>>> print(open('data_0.cif').read())   # mmCIF, C-alpha atoms
data_input
#
loop_
_atom_site.label_atom_id
_atom_site.label_comp_id
_atom_site.auth_asym_id
_atom_site.auth_seq_id
_atom_site.Cartn_x
_atom_site.Cartn_y
_atom_site.Cartn_z
CA CYS Q 274 50.23 90.69 87.55
CA SER Q 275 47.11 92.63 88.28
CA GLU Q 276 47.55 96.38 87.95
CA GLN Q 277 44.34 97.42 89.66
CA PRO Q 278 44.87 99.96 92.46
CA ALA Q 279 44.61 98.98 96.10
CA LYS Q 280 41.24 99.76 97.65
CA THR Q 281 41.15 102.06 100.64
CA SER Q 282 38.48 103.13 103.06
CA PRO Q 283 38.54 106.05 105.49
CA PRO Q 284 40.12 105.55 108.89
CA ALA Q 285 37.85 104.78 111.80
CA PRO Q 286 37.30 107.74 114.12
CA GLU Q 287 39.60 107.75 117.10
CA THR Q 288 37.82 107.77 120.42
CA THR Q 289 40.80 108.15 122.74
CA ARG Q 290 44.36 109.44 122.60
CA MET Q 291 46.79 106.85 123.93
CA PRO Q 292 49.78 108.51 125.63
CA VAL Q 293 53.25 107.22 124.91
CA GLN Q 294 55.02 105.51 127.80
CA ILE Q 295 58.80 105.23 127.70
CA PRO Q 296 59.72 101.63 128.62
CA ASP Q 297 61.03 101.00 132.12
CA ASP Q 298 62.94 98.07 133.63
CA THR Q 299 59.73 96.04 133.94
CA ASP Q 300 59.03 96.40 130.22
CA PHE Q 301 62.55 95.28 129.30
CA ALA Q 302 62.28 92.30 131.68
CA SER Q 303 58.94 91.32 130.12
CA PHE Q 304 60.39 91.53 126.61
CA LYS Q 305 63.37 89.38 127.59
CA ASP Q 306 61.02 86.78 129.08
CA GLN Q 307 58.99 86.66 125.85
CA CYS Q 308 62.18 85.98 123.90
CA GLU Q 309 63.41 83.22 126.19
CA ASN Q 310 60.11 81.55 127.09
CA HIS Q 311 58.74 79.36 124.29
CA ASP Q 312 55.48 78.28 125.99
CA GLY Q 313 52.58 78.91 123.62
CA TRP Q 314 54.90 79.36 120.63
CA LEU Q 315 54.94 77.05 117.60
CA ALA Q 316 58.31 76.27 116.00
CA ARG Q 317 57.95 76.80 112.25
CA TYR Q 318 61.53 76.80 110.94
CA ASN Q 319 64.87 75.46 112.14
CA LYS Q 320 67.65 75.47 109.58
CA GLY Q 321 71.19 76.71 109.26
CA GLY Q 322 71.32 77.96 112.84
CA VAL Q 323 68.14 80.04 112.51
CA THR Q 324 65.03 79.11 114.52
CA VAL Q 325 61.64 80.73 113.91
CA TRP Q 326 58.56 80.57 116.14
CA CYS Q 327 55.10 82.02 115.57
CA ARG Q 328 52.12 82.62 117.80
CA GLU Q 329 48.42 82.96 117.05
CA GLU Q 330 46.98 86.35 117.96
CA GLU Q 331 43.40 87.27 118.78
CA THR Q 332 43.03 89.28 115.56
CA LYS Q 333 43.99 87.93 112.15
CA THR Q 334 45.68 91.17 111.13
CA VAL Q 335 48.18 91.12 114.02
CA GLN Q 336 51.04 88.68 113.56
CA LYS Q 337 53.58 87.66 116.19
CA LEU Q 338 56.88 86.00 115.43
CA LYS Q 339 60.32 85.53 116.96
CA MET Q 340 63.64 84.34 115.58
CA ARG Q 341 66.95 83.26 117.07
CA ILE Q 342 70.42 82.88 115.61
CA VAL Q 343 73.77 82.11 117.23
CA CYS Q 344 76.45 84.45 115.85
CA LYS Q 345 79.91 82.93 116.06
CA ASP Q 346 82.94 85.22 115.80
CA VAL Q 347 80.76 88.22 116.72
CA ARG Q 348 80.94 90.08 120.02
CA ALA Q 349 77.63 91.04 121.61
CA GLU Q 350 78.76 94.68 121.65
CA THR Q 351 79.39 94.58 117.89
CA LEU Q 352 75.92 93.22 117.15
CA TYR Q 353 74.41 95.91 119.39
CA ASP Q 354 76.31 98.60 117.45
CA VAL Q 355 75.20 97.20 114.06
CA LEU Q 356 71.52 97.32 115.06
CA HIS Q 357 71.90 100.95 116.20
CA ASP Q 358 74.08 102.33 113.42
CA THR Q 359 71.69 103.78 110.81
CA SER Q 360 74.60 104.81 108.56
CA TYR Q 361 75.79 101.22 108.35
CA ARG Q 362 72.27 99.85 107.93
CA LYS Q 363 72.13 101.53 104.55
CA LYS Q 364 75.00 99.24 103.50
CA TRP Q 365 73.38 95.89 104.35
CA ASP Q 366 69.59 96.31 104.52
CA THR Q 367 68.69 95.92 100.84
CA ASN Q 368 64.92 96.16 101.43
CA MET Q 369 65.23 99.53 103.15
CA ILE Q 370 64.24 102.70 101.31
CA ASP Q 371 65.10 105.19 104.03
CA THR Q 372 65.74 105.41 107.75
CA PHE Q 373 66.58 108.32 110.02
CA ASP Q 374 66.32 109.47 113.61
CA ILE Q 375 63.72 112.18 114.24
CA GLY Q 376 64.53 113.25 117.80
CA ARG Q 377 65.42 112.10 121.30
CA LEU Q 378 63.18 111.61 124.31
CA THR Q 379 65.74 110.54 126.96
CA VAL Q 380 69.35 109.34 127.01
CA ASN Q 381 68.13 105.88 125.92
CA ALA Q 382 64.96 106.60 123.93
CA ASP Q 383 64.29 108.27 120.59
CA VAL Q 384 61.82 108.45 117.71
CA GLY Q 385 62.73 107.33 114.22
CA TYR Q 386 61.44 106.63 110.72
CA TYR Q 387 61.92 103.51 108.60
CA SER Q 388 60.52 102.59 105.16
CA TRP Q 389 60.99 99.49 103.05
CA LYS Q 390 60.29 98.23 99.55
CA CYS Q 391 57.38 95.92 98.77
CA PRO Q 392 57.08 93.85 95.60
CA SER Q 393 55.20 95.50 92.73
CA PRO Q 394 52.32 96.32 92.48
CA LEU Q 395 51.90 96.64 96.25
CA LYS Q 396 52.53 99.90 98.05
CA ASN Q 397 55.70 100.32 100.07
CA ARG Q 398 55.40 100.35 103.87
CA ASP Q 399 56.80 102.64 106.54
CA PHE Q 400 56.94 103.02 110.32
CA VAL Q 401 57.34 105.84 112.82
CA THR Q 402 58.44 104.29 116.10
CA MET Q 403 59.54 105.13 119.60
CA ARG Q 404 62.68 103.12 120.32
CA SER Q 405 64.34 102.46 123.65
CA TRP Q 406 67.48 100.48 124.51
CA LEU Q 407 69.20 99.09 127.58
CA PRO Q 408 72.56 97.35 128.15
CA LEU Q 409 71.93 94.96 131.04
CA GLY Q 410 74.92 92.97 132.26
CA ASN Q 411 75.78 90.55 129.46
CA ASP Q 412 72.53 91.35 127.66
CA TYR Q 413 71.58 94.18 125.29
CA LEU Q 414 67.95 95.02 124.56
CA ILE Q 415 66.32 97.27 121.95
CA ILE Q 416 62.52 97.59 121.78
CA ASN Q 417 60.12 99.81 119.85
CA TYR Q 418 56.47 100.45 119.09
CA SER Q 419 54.62 102.71 116.67
CA VAL Q 420 53.81 106.29 117.58
CA LYS Q 421 52.24 109.32 115.92
CA HIS Q 422 54.49 112.32 115.43
CA PRO Q 423 52.71 115.51 114.32
CA GLN Q 424 55.39 116.31 111.71
CA TYR Q 425 55.48 112.79 110.20
CA PRO Q 426 51.92 111.80 109.24
CA PRO Q 427 51.24 108.90 106.85
CA LYS Q 428 52.53 109.52 103.32
CA LYS Q 429 50.45 109.35 100.16
CA ASP Q 430 52.55 106.70 98.45
CA TYR Q 431 53.15 104.51 101.52
CA VAL Q 432 51.07 102.29 103.77
CA ARG Q 433 51.79 103.10 107.42
CA ALA Q 434 52.43 99.76 109.16
CA VAL Q 435 52.01 99.42 112.92
CA SER Q 436 54.43 97.83 115.39
CA LEU Q 437 52.71 96.88 118.63
CA LEU Q 438 56.02 95.61 119.98
CA THR Q 439 59.23 94.83 118.14
CA GLY Q 440 62.74 94.38 119.41
CA TYR Q 441 66.03 92.57 119.80
CA LEU Q 442 67.65 90.69 122.66
CA ILE Q 443 71.40 90.11 122.37
CA GLN Q 444 73.01 87.68 124.80
CA SER Q 445 76.76 87.26 125.13
CA ASN Q 446 77.99 83.65 124.95
CA GLY Q 447 81.61 84.54 125.66
CA PRO Q 448 84.25 86.95 124.37
CA ASN Q 449 83.56 86.30 120.68
CA CYS Q 450 80.10 84.75 120.34
CA CYS Q 451 76.52 85.85 120.98
CA THR Q 452 72.87 84.93 120.44
CA LEU Q 453 70.39 87.26 118.76
CA TYR Q 454 66.63 87.09 119.34
CA TYR Q 455 64.25 89.13 117.20
CA LEU Q 456 60.62 89.38 118.30
CA THR Q 457 57.84 91.30 116.59
CA GLN Q 458 54.13 91.81 117.15
CA VAL Q 459 53.00 93.85 114.19
CA ASP Q 460 50.15 94.71 111.87
CA PRO Q 461 51.83 95.06 108.44
CA ARG Q 462 48.49 96.26 106.98
CA GLY Q 463 48.30 93.44 104.46
CA GLU Q 464 49.67 90.00 103.62
CA LEU Q 465 53.27 91.13 103.74
CA PHE Q 466 54.62 89.63 106.91
CA TYR Q 467 57.29 87.64 105.08
CA LEU Q 468 58.88 90.97 104.14
CA LEU Q 469 59.20 91.93 107.80
CA PHE Q 470 61.45 88.99 108.61
CA PRO Q 471 64.82 90.52 109.26
CA ALA Q 472 67.31 88.49 107.23
CA MET Q 473 69.06 87.01 110.23
CA ARG Q 474 72.02 85.69 108.29
CA LYS Q 475 72.29 89.04 106.56
CA ILE Q 476 72.58 90.74 109.96
CA TYR Q 477 75.15 88.14 110.97
CA LYS Q 478 77.24 88.79 107.83
CA ALA Q 479 76.93 92.54 108.40
CA CYS Q 480 78.35 92.09 111.90
CA LEU Q 481 81.41 90.29 110.57
CA LYS Q 482 82.21 93.26 108.31
CA TYR Q 483 81.26 96.03 110.73
CA PRO Q 484 84.51 96.44 112.73
CA GLU Q 485 86.52 97.14 109.56
CA TRP Q 486 83.82 99.49 108.20
CA LYS Q 487 83.53 101.38 111.47
CA ARG Q 488 87.26 101.98 111.70
CA LYS Q 489 86.93 104.06 108.52
CA HIS Q 490 83.67 105.82 109.43
CA GLU Q 491 83.79 107.93 112.60
CA PRO Q 492 85.01 105.06 114.80
CA ASN Q 493 84.46 106.96 118.05
CA LEU Q 494 80.91 108.09 117.25
CA LYS Q 495 78.40 105.90 119.09
CA PRO Q 496 75.63 108.10 120.54
CA TRP Q 497 73.68 105.01 121.62
CA MET Q 498 76.57 104.30 124.01
CA TYR Q 499 77.68 107.88 124.73
CA PRO Q 500 74.62 110.16 125.16
CA GLU Q 501 76.78 113.29 125.15
CA GLN Q 502 77.39 112.64 121.40
CA ASN Q 503 73.67 112.78 120.62
CA THR Q 504 72.84 115.95 118.66
CA LEU Q 505 69.21 115.10 117.86
CA PRO Q 506 66.57 117.69 118.80
CA CYS Q 507 64.63 116.97 121.96
CA ILE Q 508 61.04 115.75 121.64
CA ASN Q 509 58.37 116.20 124.31
CA VAL Q 510 56.76 112.82 124.94
CA ALA Q 511 53.44 114.63 125.45
CA ASP Q 512 53.49 115.53 121.73
CA LEU Q 513 53.37 111.83 120.80
CA THR Q 514 50.52 109.34 120.89
CA VAL Q 515 50.43 105.60 120.29
CA GLN Q 516 49.73 104.72 116.66
CA ARG Q 517 46.82 102.31 116.28
CA ALA Q 518 45.96 100.52 113.05
CA ASP Q 519 42.24 101.31 113.32
CA SER Q 520 42.98 105.04 112.99
CA LEU Q 521 44.57 104.52 109.58
CA GLU Q 522 43.12 103.84 106.15
CA ASN Q 523 42.00 100.26 105.64
CA ILE Q 524 44.08 98.80 102.82
CA ASP Q 525 42.71 96.00 100.64
CA GLU Q 526 45.42 94.55 98.41
CA SER Q 527 43.90 91.07 98.23
CA GLY Q 528 43.36 91.40 94.46
CA LEU Q 529 46.97 92.28 93.74
CA SER Q 530 49.61 89.75 92.79
CA GLU Q 531 52.77 89.82 94.89
CA GLU Q 532 56.05 89.24 93.10
CA LYS Q 533 57.58 87.46 96.07
CA ASN Q 534 60.50 86.11 94.11
CA GLN Q 535 61.94 89.61 93.97
CA HIS Q 536 62.28 89.67 97.73
CA ASN Q 537 63.79 86.37 98.69
CA SER Q 538 65.32 86.52 102.14
CA ASP Q 539 68.87 85.42 102.79
CA ASP Q 540 67.29 83.01 105.28
CA GLU Q 541 66.09 80.90 102.34
CA GLU Q 542 69.65 80.24 101.21
CA THR Q 543 71.00 76.76 101.73
#
>>> encode(input="data_0.cif", output="structure tokens")
Amino acid sequence: CSEQPAKTSPPAPETTRMPVQIPDDTDFASFKDQCENHDGWLARYNKGGVTVWCREEETKTVQKLKMRIVCKDVRAETLYDVLHDTSYRKKWDTNMIDTFDIGRLTVNADVGYYSWKCPSPLKNRDFVTMRSWLPLGNDYLIINYSVKHPQYPPKKDYVRAVSLLTGYLIQSNGPNCCTLYYLTQVDPRGELFYLLFPAMRKIYKACLKYPEWKRKHEPNLKPWMYPEQNTLPCINVADLTVQRADSLENIDESGLSEEKNQHNSDDEET
């Protein structure tokens, strides 16, 4: 593998500050429609109950993808809890380096940090995102996009990736079955999109084990369902701005060899 360092160039000057908008019902409805409507999407993978679609974007750096899996023997509420529970995520997300909640904006919106491992010799990536969630009848939705927080600037040893829109749609198929959609429109700041695929079967397996794990780990603590349990500090939305890729360093890792075999997804299992 090549050991030469990644090349960087200074960020482009920002011309405007983009205020952060907390998603409303229209935004959640639009996200749900994108998950369910396959017009303009190209099916790229359909195996073992997992379907993957991709879509061409106007810029080559931005990549858009969605996945779907039917989760038998899993209640929609359980899957929703697994995607929220950062303590449990540390048990099943093997690519994750760190994740934590930074602060809350409303009863159903917060800001958080997430970082994940990239294969050597590439730099690891991280996100700072505004996340919002909404239980809606038999559906549960979680969506996020990248923001700038004054106390969490890009780190020296990480490449700050940018989520334009990422989220989950969970649909109940009955008392003990549900469907999970994952949709992301992201600039990973390099040829690393395969690392962003959430291992759908890994999430599914984590859901099967979650009820037993949760019974032993603060079973009544679910601040995403009970806002009165939320002890995060409040954040003023005016202190945040939308994170754009063109305001960050340009990363050129094209000369580096990626050791992809170290990061095989569970979705490649037969």
>>> residues_around(input="data_0.cif", residues="Tyr455 of chain Q", least_positions_apart="5", cutoff="8 Å", atoms="only C-alpha atoms", output="list in words")
Cys308, Lys339, Met340, Arg341, Thr439, Gly440, Tyr441 and Leu442 of chain Q
>>> write_last_selection(input="data_0.cif", atoms="C-alpha atoms", output="PDB file, keeping the file's coordinate frame")
ATOM      1  CA  CYS Q 308      62.180  85.980 123.900  1.00  0.00           C
ATOM      2  CA  LYS Q 339      60.320  85.530 116.960  1.00  0.00           C
ATOM      3  CA  MET Q 340      63.640  84.340 115.580  1.00  0.00           C
ATOM      4  CA  ARG Q 341      66.950  83.260 117.070  1.00  0.00           C
ATOM      5  CA  THR Q 439      59.230  94.830 118.140  1.00  0.00           C
ATOM      6  CA  GLY Q 440      62.740  94.380 119.410  1.00  0.00           C
ATOM      7  CA  TYR Q 441      66.030  92.570 119.800  1.00  0.00           C
ATOM      8  CA  LEU Q 442      67.650  90.690 122.660  1.00  0.00           C
TER       9      LEU Q 442
END
>>> resolve_selection(input="data_0.cif", expression="the PyMOL selection byres ((chain Q and resi 496-513) around 10)", output="ChimeraX atom specification")
/Q:290-295,353-354,357-358,374-384,403,405-408,420-423,493-495,514-516
>>> atom_distance(input="data_0.cif", atom1="atom CA of Ser445 of chain Q", atom2="atom CA of Arg348 of chain Q")
7.2 Å
>>> atom_distance(input="data_0.cif", atom1="atom CA of Trp314 of chain Q", atom2="atom CA of Leu356 of chain Q")
25.1 Å
>>> atom_distance(input="data_0.cif", atom1="atom CA of Ile415 of chain Q", atom2="atom CA of Lys337 of chain Q")
17.0 Å
>>> residues_around(input="data_0.cif", residues="Glu329 of chain Q", least_positions_apart="4", cutoff="9 Å", atoms="only C-alpha atoms", output="PyMOL selection string")
chain Q and resi 313-315+333+335-337
>>> resolve_selection(input="data_0.cif", expression="the PyMOL selection byres ((chain Q and resi 362-365) around 12)", output="ChimeraX atom specification")
/Q:352,354-361,366-373,387-389,471-483,486-487,539
>>> resolve_selection(input="data_0.cif", expression="the PyMOL selection byres ((chain Q and resi 458) around 10)", output="VMD selection string")
chain Q and resid 327 to 328 330 335 to 339 418 435 to 440 456 to 457 459 to 461
>>> axis_aligned_box(input="data_0.cif", around="segment 479-498 of chain Q", padding_each_side="3 Å", output="lines of an AutoDock Vina configuration file")
center_x = 80.5
center_y = 99.2
center_z = 116.1
size_x = 19.6
size_y = 23.8
size_z = 21.8
>>> closest_residue(input="data_0.cif", among="Q:Tyr425, Q:Tyr386, Q:Phe301, Q:Tyr431", to="Thr402 of chain Q", atoms="all atoms listed in the file")
Q:Tyr386
